[in-house]
$ cat model_34.cif   # mmCIF, C-alpha atoms (C1' of nucleotides)
data_protein
#
loop_
_atom_site.label_atom_id
_atom_site.label_comp_id
_atom_site.auth_asym_id
_atom_site.auth_seq_id
_atom_site.Cartn_x
_atom_site.Cartn_y
_atom_site.Cartn_z
CA MET A 1 140.06 44.01 94.13
CA GLY A 2 140.81 47.65 93.89
CA TYR A 3 139.91 50.84 92.19
CA LEU A 4 138.75 50.45 88.60
CA LYS A 5 141.17 52.60 86.60
CA THR A 6 139.77 52.28 83.12
CA THR A 7 136.89 50.96 81.08
CA THR A 8 136.19 50.41 77.42
CA ILE A 9 132.85 51.35 75.94
CA ARG A 10 132.05 50.85 72.25
CA GLY A 11 135.72 50.60 71.42
CA ASN A 12 136.77 53.73 73.28
CA ASP A 13 138.88 53.66 76.42
CA TYR A 14 138.05 55.94 79.31
CA ASN A 15 140.16 56.61 82.34
CA PHE A 16 138.85 56.87 85.88
CA PRO A 17 138.05 58.84 87.83
CA ILE A 18 136.20 61.02 85.38
CA TYR A 19 134.12 64.12 85.87
CA LEU A 20 131.29 64.84 83.43
CA PRO A 21 129.59 68.22 83.29
CA ASP A 22 125.85 68.22 82.72
CA ALA A 23 124.86 69.06 79.18
CA THR A 24 121.24 68.57 80.13
CA ARG A 25 119.70 69.86 76.93
CA ALA A 26 122.59 68.72 74.75
CA VAL A 27 124.66 71.72 75.72
CA ALA A 28 126.72 72.51 78.77
CA ARG A 29 125.24 75.95 79.30
CA SER A 30 127.19 78.74 77.67
CA LEU A 31 129.76 76.30 76.24
CA ASP A 32 130.16 74.52 72.95
CA SER A 33 132.02 71.31 72.35
CA GLU A 34 135.29 73.09 71.55
CA ASP A 35 135.08 74.93 74.87
CA LEU A 36 134.62 71.61 76.67
CA LYS A 37 137.74 70.27 75.01
CA LYS A 38 139.65 73.40 75.97
CA SER A 39 138.83 72.45 79.56
CA LYS A 40 139.98 68.85 78.99
CA ILE A 41 136.48 67.53 79.47
CA GLU A 42 136.14 63.96 78.20
CA GLY A 43 132.43 63.37 78.54
CA VAL A 44 129.05 64.87 79.32
CA VAL A 45 125.73 63.86 80.83
CA VAL A 46 122.61 64.63 78.83
CA ASN A 47 119.05 64.33 80.05
CA THR A 48 116.38 62.08 78.60
CA TYR A 49 113.47 63.99 80.08
CA HIS A 50 114.55 67.34 78.69
CA LEU A 51 115.63 66.06 75.29
CA MET A 52 112.48 64.05 74.63
CA SER A 53 110.41 67.19 75.04
CA GLU A 54 112.87 69.43 73.24
CA PRO A 55 113.91 68.89 70.50
CA GLY A 56 112.05 65.58 70.73
CA THR A 57 112.96 62.07 69.60
CA PRO A 58 111.98 62.41 65.91
CA ILE A 59 114.48 65.21 65.47
CA LEU A 60 117.18 63.45 67.45
CA GLU A 61 116.65 60.40 65.31
CA THR A 62 116.92 62.48 62.15
CA VAL A 63 120.13 64.18 63.19
CA GLY A 64 121.65 60.85 64.20
CA GLY A 65 121.79 61.16 67.97
CA VAL A 66 123.24 63.54 70.51
CA LYS A 67 126.88 63.16 69.54
CA LYS A 68 126.33 64.34 66.00
CA PHE A 69 123.76 66.87 67.14
CA MET A 70 126.19 68.64 69.45
CA ASN A 71 129.34 67.75 67.52
CA TRP A 72 130.76 65.86 70.46
CA ASP A 73 132.90 62.75 70.09
CA GLY A 74 133.57 62.20 73.78
CA LEU A 75 131.71 60.07 76.26
CA VAL A 76 127.96 60.63 76.53
CA VAL A 77 125.97 59.41 79.49
CA SER A 78 122.23 59.89 79.40
CA ASP A 79 120.34 60.35 82.60
CA SER A 80 116.97 58.64 82.65
CA GLY A 81 114.98 61.71 83.59
CA GLY A 82 113.90 60.18 86.88
CA PHE A 83 115.53 62.86 88.94
CA GLN A 84 113.77 65.68 87.14
CA VAL A 85 110.39 64.05 86.97
CA PHE A 86 110.38 63.05 90.60
CA SER A 87 111.81 66.20 92.07
CA LEU A 88 109.24 68.21 90.14
CA ILE A 89 106.28 66.01 91.00
CA TYR A 90 107.19 65.58 94.66
CA GLN A 91 107.63 69.31 94.88
CA ASP A 92 104.24 70.01 93.30
CA PRO A 93 101.69 67.42 92.11
CA LYS A 94 100.56 69.74 89.35
CA PHE A 95 103.63 68.57 87.42
CA GLY A 96 102.29 65.06 87.14
CA LYS A 97 101.55 61.78 88.86
CA ILE A 98 103.38 58.57 89.55
CA SER A 99 102.15 54.99 89.53
CA ASP A 100 103.93 51.67 89.45
CA ALA A 101 103.16 51.41 85.76
CA GLU A 102 104.30 54.83 84.63
CA VAL A 103 104.92 58.47 85.29
CA THR A 104 102.59 61.00 83.74
CA PHE A 105 103.91 64.48 83.64
CA TYR A 106 102.66 67.76 82.35
CA LYS A 107 105.05 70.14 80.80
CA SER A 108 104.10 73.64 79.88
CA SER A 109 106.41 75.87 77.99
CA LYS A 110 105.67 79.10 76.18
CA GLY A 111 101.97 78.82 76.90
CA GLU A 112 101.78 75.34 75.44
CA LYS A 113 100.70 72.49 77.70
CA ARG A 114 101.71 68.94 76.89
CA LYS A 115 101.22 65.62 78.60
CA TYR A 116 103.85 62.91 78.56
CA HIS A 117 103.67 59.28 79.52
CA PHE A 118 107.00 58.14 80.80
CA THR A 119 107.79 54.51 81.47
CA PRO A 120 111.00 52.62 82.14
CA GLU A 121 110.73 51.17 78.63
CA ARG A 122 110.21 54.57 77.06
CA SER A 123 113.20 56.00 78.91
CA ILE A 124 115.44 53.25 77.54
CA GLN A 125 114.09 53.62 74.01
CA VAL A 126 114.75 57.34 74.03
CA GLN A 127 118.24 56.81 75.39
CA PHE A 128 119.02 54.53 72.48
CA VAL A 129 117.83 57.26 70.15
CA LEU A 130 120.15 59.66 71.94
CA GLY A 131 122.95 57.25 71.17
CA SER A 132 124.58 57.45 74.56
CA ASP A 133 127.42 55.31 75.85
CA ILE A 134 125.99 54.76 79.30
CA ILE A 135 122.25 54.40 79.70
CA ILE A 136 120.70 54.96 83.11
CA CYS A 137 117.66 53.04 84.32
CA LEU A 138 114.61 55.05 85.27
CA ASP A 139 114.50 55.14 89.06
CA ASP A 140 112.20 56.50 91.74
CA VAL A 141 113.95 59.34 93.51
CA PRO A 142 112.35 59.91 96.92
CA SER A 143 111.96 63.46 98.16
CA VAL A 144 114.53 64.71 100.65
CA ASN A 145 112.20 64.50 103.63
CA ALA A 146 110.68 61.10 102.75
CA LYS A 147 109.93 58.79 105.68
CA GLU A 148 111.17 55.23 105.77
CA ASP A 149 107.91 53.78 104.40
CA GLN A 150 108.06 56.03 101.38
CA VAL A 151 111.71 55.28 100.80
CA ARG A 152 110.97 51.54 100.99
CA LEU A 153 108.36 51.98 98.25
CA SER A 154 110.81 53.95 96.15
CA VAL A 155 113.36 51.16 96.49
CA LYS A 156 110.78 48.57 95.50
CA ARG A 157 109.75 50.59 92.47
CA THR A 158 113.35 51.32 91.52
CA ILE A 159 114.09 47.58 91.48
CA GLU A 160 110.96 46.76 89.48
CA TRP A 161 111.68 49.45 86.97
CA ALA A 162 115.32 48.44 86.68
CA LYS A 163 114.12 44.97 85.75
CA ARG A 164 111.87 46.41 83.05
CA CYS A 165 114.70 48.64 81.86
CA LYS A 166 117.00 45.68 81.46
CA GLU A 167 114.38 43.77 79.46
CA GLU A 168 113.83 46.73 77.17
CA PHE A 169 117.59 47.20 76.93
CA ALA A 170 117.97 43.60 75.72
CA LYS A 171 115.21 44.10 73.15
CA GLN A 172 116.88 47.21 71.83
CA LEU A 173 120.24 45.45 71.53
CA GLN A 174 118.63 42.71 69.55
CA SER A 175 116.63 44.90 67.19
CA ARG A 176 119.60 47.20 66.66
CA LYS A 177 121.92 44.25 66.20
CA MET A 178 124.36 45.45 68.81
CA ASP A 179 126.90 43.11 70.36
CA HIS A 180 129.10 43.42 73.41
CA LYS A 181 131.64 45.40 71.40
CA ASN A 182 129.42 48.23 70.21
CA ARG A 183 126.66 48.31 72.76
CA PRO A 184 126.25 50.92 75.46
CA LEU A 185 126.45 50.12 79.15
CA LEU A 186 123.35 49.91 81.31
CA LEU A 187 123.58 51.48 84.75
CA ALA A 188 121.19 50.92 87.64
CA VAL A 189 120.71 53.41 90.44
CA ILE A 190 120.76 52.41 94.07
CA GLN A 191 118.13 54.21 96.14
CA GLY A 192 117.26 53.96 99.82
CA GLY A 193 117.85 57.43 101.24
CA ASP A 194 119.84 57.38 104.45
CA PHE A 195 118.37 54.01 105.45
CA LEU A 196 121.38 51.82 105.00
CA HIS A 197 119.44 48.54 105.17
CA LEU A 198 117.25 49.77 102.29
CA ARG A 199 120.33 50.76 100.32
CA GLU A 200 121.71 47.29 100.95
CA GLU A 201 118.52 45.58 99.86
CA CYS A 202 118.33 47.76 96.76
CA ALA A 203 121.94 47.03 95.80
CA GLN A 204 121.59 43.30 96.30
CA GLU A 205 118.49 43.05 94.14
CA LEU A 206 119.99 45.18 91.38
CA ILE A 207 123.19 43.16 91.38
CA LYS A 208 121.10 40.02 91.16
CA ILE A 209 119.37 41.36 88.03
CA GLY A 210 122.78 42.26 86.62
CA PHE A 211 123.98 45.59 85.30
CA ASP A 212 127.13 47.01 83.74
CA ALA A 213 127.48 49.82 86.24
CA PHE A 214 125.87 51.19 89.36
CA GLY A 215 125.02 54.63 90.61
CA TYR A 216 124.44 56.35 93.91
CA GLY A 217 120.93 57.83 93.74
CA GLY A 218 119.21 60.56 95.65
CA PHE A 219 120.58 63.82 96.88
CA PRO A 220 124.25 63.81 97.84
CA MET A 221 123.59 66.60 100.35
CA ASP A 222 121.35 66.37 103.39
CA GLU A 223 118.87 69.02 104.46
CA GLN A 224 121.53 70.79 106.48
CA GLY A 225 123.69 71.01 103.40
CA ASN A 226 126.19 68.44 104.59
CA PHE A 227 127.72 65.89 102.25
CA ARG A 228 126.16 62.49 103.01
CA THR A 229 129.53 60.93 103.69
CA GLU A 230 128.29 57.91 105.60
CA THR A 231 125.62 56.91 103.08
CA LEU A 232 127.82 57.53 100.05
CA LYS A 233 130.60 55.49 101.51
CA PHE A 234 128.29 52.66 102.47
CA VAL A 235 126.68 52.56 99.02
CA ALA A 236 130.06 52.55 97.26
CA GLY A 237 130.94 49.52 99.36
CA LEU A 238 127.82 47.73 98.14
CA MET A 239 128.79 48.08 94.48
CA PRO A 240 130.99 45.52 92.70
CA ASP A 241 134.54 46.83 92.34
CA ASP A 242 134.98 45.59 88.78
CA LYS A 243 132.21 47.80 87.44
CA PRO A 244 132.00 51.59 87.18
CA LYS A 245 130.61 53.33 90.26
CA PHE A 246 128.82 56.56 89.48
CA ALA A 247 128.19 59.16 92.21
CA LEU A 248 125.31 61.00 90.59
CA GLY A 249 125.24 64.70 91.29
CA VAL A 250 128.58 64.87 93.10
CA GLY A 251 129.80 67.49 93.73
CA THR A 252 132.28 70.20 94.73
CA PRO A 253 135.93 69.51 93.86
CA GLN A 254 136.42 68.43 97.46
CA ASP A 255 133.36 66.16 97.34
CA ILE A 256 134.81 64.49 94.26
CA VAL A 257 138.07 63.83 96.09
CA GLU A 258 136.10 62.31 98.95
CA GLY A 259 134.00 60.29 96.51
CA PHE A 260 137.13 59.02 94.81
CA LYS A 261 138.48 57.85 98.14
CA MET A 262 135.24 55.93 98.68
CA GLY A 263 135.74 54.20 95.35
CA TYR A 264 133.53 56.13 92.96
CA ASN A 265 134.74 56.35 89.36
CA ILE A 266 132.31 58.73 87.67
CA PHE A 267 130.99 62.08 88.82
CA ASP A 268 128.64 64.59 87.31
CA CYS A 269 127.52 67.88 88.73
CA VAL A 270 125.96 71.14 87.64
CA LEU A 271 127.94 73.11 90.20
CA PRO A 272 130.97 74.23 88.19
CA THR A 273 128.92 75.52 85.27
CA ARG A 274 126.11 76.98 87.37
CA ASP A 275 128.57 78.47 89.83
CA ALA A 276 130.44 80.01 86.94
CA ARG A 277 127.32 81.73 85.69
CA HIS A 278 126.71 82.94 89.23
CA GLN A 279 130.19 84.39 89.47
CA ARG A 280 131.51 81.76 91.87
CA LEU A 281 134.82 80.40 90.68
CA SER A 282 136.72 77.41 91.97
CA VAL A 283 140.44 77.88 92.34
CA LEU A 284 143.03 75.34 93.37
CA SER A 285 144.15 75.85 96.96
CA LYS A 286 147.79 75.69 95.92
CA ASP A 287 150.19 74.85 93.14
CA PRO A 288 149.06 71.47 91.76
CA LYS A 289 152.74 70.42 91.59
CA THR A 290 152.89 70.45 95.38
CA LEU A 291 149.26 69.76 96.24
CA ASP A 292 148.65 66.57 98.16
CA VAL A 293 145.25 66.03 96.63
CA LEU A 294 144.23 63.24 98.96
CA HIS A 295 145.12 64.93 102.22
CA GLU A 296 144.91 68.69 101.75
CA PRO A 297 141.94 70.93 100.97
CA VAL A 298 141.95 71.12 97.20
CA PHE A 299 140.12 74.32 96.34
CA ASN A 300 138.65 77.65 97.41
CA TYR A 301 135.79 79.70 96.09
CA LEU A 302 136.38 83.10 94.59
CA ASN A 303 133.46 85.45 94.02
CA MET A 304 134.09 87.55 90.95
CA ASN A 305 131.42 90.11 91.82
CA ARG A 306 133.75 91.99 94.14
CA GLU A 307 134.68 95.58 93.64
CA LYS A 308 138.28 94.70 94.45
CA PHE A 309 138.60 92.92 91.11
CA VAL A 310 137.86 96.06 89.09
CA LYS A 311 141.55 96.78 88.65
CA ASP A 312 142.94 93.28 89.16
CA SER A 313 145.00 92.47 86.09
CA GLY A 314 145.97 89.01 87.30
CA PRO A 315 144.37 85.76 86.17
CA ILE A 316 141.55 84.07 88.10
CA SER A 317 144.07 81.61 89.46
CA GLU A 318 147.83 81.76 89.28
CA TYR A 319 147.91 77.96 89.25
CA CYS A 320 145.49 77.50 86.38
CA ASP A 321 146.42 76.68 82.81
CA CYS A 322 142.91 77.11 81.41
CA PHE A 323 142.05 79.13 78.32
CA THR A 324 140.52 81.89 80.41
CA CYS A 325 143.39 82.24 82.88
CA GLN A 326 145.93 82.22 80.04
CA ASN A 327 144.19 84.99 78.14
CA TYR A 328 142.05 87.17 80.41
CA SER A 329 142.28 89.07 83.68
CA ARG A 330 140.06 89.18 86.73
CA ALA A 331 139.32 92.80 85.83
CA TYR A 332 138.04 91.80 82.40
CA LEU A 333 135.91 88.97 83.75
CA HIS A 334 134.54 91.25 86.47
CA HIS A 335 133.65 93.76 83.79
CA LEU A 336 131.93 91.16 81.63
CA PHE A 337 129.84 90.01 84.57
CA LYS A 338 128.96 93.57 85.47
CA ILE A 339 127.59 94.29 82.03
CA GLU A 340 125.82 90.92 82.05
CA GLU A 341 127.62 89.70 78.99
CA PHE A 342 127.12 86.00 78.22
CA THR A 343 130.81 85.60 77.50
CA ALA A 344 131.41 86.05 81.23
CA GLY A 345 129.55 82.82 81.98
CA ARG A 346 131.42 81.06 79.20
CA LEU A 347 134.89 82.11 80.27
CA ALA A 348 134.10 81.40 83.91
CA SER A 349 132.70 77.97 83.02
CA ILE A 350 135.81 77.11 81.02
CA HIS A 351 137.87 77.96 84.08
CA ASN A 352 135.73 76.05 86.58
CA LEU A 353 135.66 72.96 84.42
CA ARG A 354 139.42 73.06 84.04
CA THR A 355 139.76 73.22 87.81
CA TYR A 356 137.69 70.04 87.97
CA THR A 357 139.68 68.24 85.30
CA LYS A 358 142.93 69.30 86.95
CA ILE A 359 141.80 67.68 90.19
CA ILE A 360 140.77 64.62 88.22
CA GLU A 361 144.29 64.51 86.74
CA LEU A 362 145.80 64.69 90.21
CA LEU A 363 143.55 61.90 91.41
CA ARG A 364 144.53 59.71 88.46
CA ALA A 365 148.16 60.34 89.24
CA THR A 366 147.66 58.82 92.69
CA LEU A 367 146.67 55.54 91.01
CA ALA A 368 149.83 55.19 88.98
"C1'" G B 1 119.80 141.67 84.29
"C1'" G B 2 114.88 138.66 83.98
"C1'" G B 3 112.46 133.88 84.13
"C1'" A B 4 111.73 128.40 84.65
"C1'" C B 5 113.13 123.95 86.79
"C1'" C B 6 116.07 121.03 90.11
"C1'" G B 7 119.04 119.97 94.87
"C1'" U B 8 116.32 113.29 99.22
"C1'" A B 9 121.81 106.79 100.40
"C1'" G B 10 127.97 106.12 96.37
"C1'" C B 11 124.86 107.04 91.53
"C1'" G B 12 119.87 107.71 89.24
"C1'" C B 13 115.25 108.77 91.08
"C1'" A B 14 109.80 108.22 94.03
"C1'" G B 15 107.63 110.73 97.83
"C1'" U B 16 100.08 111.55 96.74
"C1'" U B 17 95.65 117.65 99.41
"C1'" G B 18 101.92 118.59 105.28
"C1'" G B 19 100.68 113.04 109.58
"C1'" U B 20 103.72 107.17 113.07
"C1'" U B 21 110.70 104.17 112.68
"C1'" A B 22 111.62 108.72 104.54
"C1'" G B 23 110.88 104.57 99.84
"C1'" C B 24 112.60 102.34 94.89
"C1'" G B 25 116.32 100.87 91.14
"C1'" C B 26 121.49 100.36 90.43
"C1'" G B 27 125.90 99.90 93.17
"C1'" U B 28 128.42 98.03 97.80
"C1'" C B 29 128.89 93.99 101.48
"C1'" U B 30 127.31 88.87 103.39
"C1'" C B 31 125.38 84.16 102.49
"C1'" C B 32 123.24 80.15 99.21
"C1'" C B 33 123.40 76.90 94.64
"C1'" U B 34 125.53 69.21 94.25
"C1'" G B 35 121.84 62.93 88.38
"C1'" U B 36 120.34 72.20 85.85
"C1'" C B 37 112.27 74.33 84.98
"C1'" A B 38 118.19 77.61 87.60
"C1'" C B 39 121.83 83.88 82.67
"C1'" G B 40 119.62 82.94 89.43
"C1'" G B 41 117.95 82.95 95.15
"C1'" A B 42 118.17 84.98 100.44
"C1'" G B 43 119.78 88.87 103.55
"C1'" A B 44 122.51 93.34 105.43
"C1'" A B 45 124.64 98.06 105.61
"C1'" G B 46 123.96 102.96 103.95
"C1'" G B 47 120.15 109.38 104.35
"C1'" U B 48 120.39 115.10 110.62
"C1'" C B 49 115.73 115.07 102.75
"C1'" G B 50 121.59 121.65 100.01
"C1'" C B 51 121.84 125.39 104.17
"C1'" G B 52 119.26 129.14 107.59
"C1'" G B 53 114.83 131.02 109.32
"C1'" G B 54 109.37 130.95 109.57
"C1'" U B 55 104.03 128.97 109.57
"C1'" U B 56 101.90 124.58 112.17
"C1'" C B 57 100.25 120.16 117.40
"C1'" G B 58 103.34 118.23 113.32
"C1'" A B 59 107.47 120.17 107.37
"C1'" G B 60 111.14 116.15 102.52
"C1'" U B 61 106.20 118.36 101.44
"C1'" C B 62 103.81 125.28 102.61
"C1'" C B 63 106.31 130.53 103.05
"C1'" C B 64 110.85 133.76 103.13
"C1'" G B 65 115.96 134.04 102.55
"C1'" U B 66 120.51 131.94 100.94
"C1'" C B 67 124.03 128.73 98.30
"C1'" G B 68 124.81 125.33 94.22
"C1'" G B 69 123.37 123.30 89.40
"C1'" U B 70 120.60 122.97 84.57
"C1'" C B 71 117.92 125.38 80.82
"C1'" C B 72 115.42 129.60 78.42
"C1'" C B 73 114.94 135.03 77.29
"C1'" G B 74 117.80 139.48 77.00
#

$ encode --input "model_34.cif" --output "structure tokens"
Amino acid sequence: MGYLKTTTIRGNDYNFPIYLPDATRAVARSLDSEDLKKSKIEGVVVNTYHLMSEPGTPILETVGGVKKFMNWDGLVVSDSGGFQVFSLIYQDPKFGKISDAEVTFYKSSKGEKRKYHFTPERSIQVQFVLGSDIIICLDDVPSVNAKEDQVRLSVKRTIEWAKRCKEEFAKQLQSRKMDHKNRPLLLAVIQGGDFLHLREECAQELIKIGFDAFGYGGFPMDEQGNFRTETLKFVAGLMPDDKPKFALGVGTPQDIVEGFKMGYNIFDCVLPTRDARHQRLSVLSKDPKTLDVLHEPVFNYLNMNREKFVKDSGPISEYCDCFTCQNYSRAYLHHLFKIEEFTAGRLASIHNLRTYTKIIELLRATLA
RNA sequence: GGGACCGUAGCGCAGUUGGUUAGCGCGUCUCCCUGUCACGGAGAAGGUCGCGGGUUCGAGUCCCGUCGGUCCCG
């Protein structure tokens, strides 16, 4: 037993750990697929909920799936949409309602109101249309302040739905004539909040059903904003070591290092791209050649909206080899942000993502 | 030489018939963002209202003077 260093999906090999930015609506905001490659990104996470409402499954089917749609030949993981649906509905019931059978949600955009029926089966079907490499089971994501009783129900529902997802997954494989060589992986999410016995129960049941990979579900941060170290570590320990462990929604570069130490293989997070658009840049704490990634703080934040950068002709980070740092100055980026030019978010995102992939490279090097 | 308008926070401006600790936008400075309804959110600092008189219980607001600026007519 040990850390899973690689996996093969549909004939392609992927190295672990891996960080995947969120391309929720089939685009990592402000970036195109070439930009992602510039940042050495190897895969993305798209979102079933968002893509089934826009552009919708008929169009995705016509264009031949997400990879062709966004001209991306890297790894594609599709999130089930559970996180969105539940966080919206728990936040305000006007967004929809939840029953054991299905989730009904109302989406209004540009004055148009539409009603969707979302089931575990439907989520899987749509994910096959998306053509993703890793399909995630629809799960029940309890709200941050949920009491134990509510969390227990969410675990129960998550298990039930995972079962239904697996059945639908098998049907899809059969009707699409997919075998173990060209089929996607099916990942189940372990819920249970901070109640470790519920996490344990959830993991055991899901393992019993049998999945290709497992994910940590829920919010990786507690209400005080602290990384849920204890829970994350415990949940990683519940997962089989020979299958990919996905820490959903994690995290800062430092969180990813911590997650890696716990045994997680896959990470996705909106932070680097959202931060970039909000002028918060991640920079390596020191020269990666001398950085002890496992034992030293790996990064610092740099806010580009500072007057002091007006005349700063240096790169964002002297240790960074990204497209932005090789070609543009802090002064230029500061200027672009000041005039609210979209290119600012793009160049900043390219940099932040490269910081993430650089840390990933350092983590991989520790496995060799 | 005559006339009009304007001087209020670093910048651009509001300030109603004079009424408690003078507002707004931008900027500045903090802080926040973790399976993206997120090209955003929260907060703070900063002004003896050009200057000097006067009227009034009370003046950024009214009156006189003065300095500075913009424009128009000679």

$ closest_atom_pairs --input "model_34.cif" --of "chain B" --to "chain A" --cutoff "7 Å" --atoms "only C-alpha atoms (C1' of nucleotides)" --output "JSON lines"
{"residue": "B:U34", "atom": "C1'", "partner": "A:Gly251", "partner_atom": "CA", "distance": 4.6}
{"residue": "B:G35", "atom": "C1'", "partner": "A:Leu248", "partner_atom": "CA", "distance": 4.5}
{"residue": "B:U36", "atom": "C1'", "partner": "A:Val270", "partner_atom": "CA", "distance": 6.0}
{"residue": "B:C39", "atom": "C1'", "partner": "A:Arg277", "partner_atom": "CA", "distance": 6.6}

$ resolve_selection --input "model_34.cif" --expression "the PyMOL selection byres ((chain B and resi 48-55) around 7)" --output "list of chain:residue names"
B:G7, B:U8, B:U56, B:G60

$ write_last_selection --input "model_34.cif" --atoms "C-alpha atoms (C1' of nucleotides)" --output "PDB file, keeping the file's coordinate frame"
ATOM      1  C1'   G B   7     119.040 119.970  94.870  1.00  0.00           C
ATOM      2  C1'   U B   8     116.320 113.290  99.220  1.00  0.00           C
ATOM      3  C1'   U B  56     101.900 124.580 112.170  1.00  0.00           C
ATOM      4  C1'   G B  60     111.140 116.150 102.520  1.00  0.00           C
TER       5        G B  60
END

$ atom_distance --input "model_34.cif" --atom1 "CA of Ser313 (chain A)" --atom2 "CA of Asn300 (chain A)"
19.7 Å

$ residues_around --input "model_34.cif" --residues "Tyr264 (chain A)" --least-positions-apart "5" --cutoff "8 Å" --atoms "only C-alpha atoms (C1' of nucleotides)" --output "compact mmCIF listing (two decimals) with C-alpha atoms, in the coordinates of the input"
# COMPACT_ATOMS: atom_id res chain seq x y z
CA PRO A 17 138.05 58.84 87.83
CA ALA A 236 130.06 52.55 97.26
CA PRO A 244 132.00 51.59 87.18
CA LYS A 245 130.61 53.33 90.26
CA PHE A 246 128.82 56.56 89.48
CA ALA A 247 128.19 59.16 92.21
CA GLY A 259 134.00 60.29 96.51

$ residues_around --input "model_34.cif" --residues "G15 (chain B)" --least-positions-apart "5" --cutoff "9 Å" --atoms "all atoms listed in the file" --output "MDAnalysis selection string"
chainID B and resid 22:23 60:61

$ closest_residue --input "model_34.cif" --among "A:Asp241, A:Asp321, A:Asp35, A:Asp179" --to "Ile207 (chain A)" --atoms "all atoms listed in the file"
A:Asp241

$ atom_distance --input "model_34.cif" --atom1 "CA of Ser99 (chain A)" --atom2 "CA of Ile190 (chain A)"
19.3 Å

$ atom_distance --input "model_34.cif" --atom1 "CA of Leu238 (chain A)" --atom2 "CA of His197 (chain A)"
11.0 Å

$ closest_residue --input "model_34.cif" --among "A:Phe214, A:Phe105, A:Tyr3, A:Tyr49" --to "Ala26 (chain A)" --atoms "only C-alpha atoms"
A:Tyr49

$ residues_around --input "model_34.cif" --residues "Phe169 (chain A)" --least-positions-apart "2" --cutoff "8 Å" --atoms "all atoms listed in the file" --output "PyMOL selection string"
chain A and resi 124-125+165-167+171-173+186

$ closest_residue --input "model_34.cif" --among "A:Gln191, A:Asn145, A:Thr48, A:Gln279" --to "Val66 (chain A)" --atoms "all atoms listed in the file"
A:Thr48

$ residues_near_point --input "model_34.cif" --point "(141.8, 70.0, 96.7)" --cutoff "7 Å" --atoms "only C-alpha atoms (C1' of nucleotides)" --output "VMD selection string"
chain A and resid 253 to 254 284 to 285 293 296 to 299 359

$ residues_around --input "model_34.cif" --residues "G2 (chain B)" --least-positions-apart "6" --cutoff "12 Å" --atoms "all atoms listed in the file" --output "PDB file with C-alpha atoms (C1' of nucleotides), in the frame of the given file"
ATOM      1  C1'   C B  72     115.420 129.600  78.420  1.00  0.00           C
ATOM      2  C1'   C B  73     114.940 135.030  77.290  1.00  0.00           C
ATOM      3  C1'   G B  74     117.800 139.480  77.000  1.00  0.00           C
TER       4        G B  74
END

$ closest_residue --input "model_34.cif" --among "A:Leu362, A:Thr8, A:Thr324, A:Asp13" --to "Ile350 (chain A)" --atoms "only C-alpha atoms"
A:Thr324
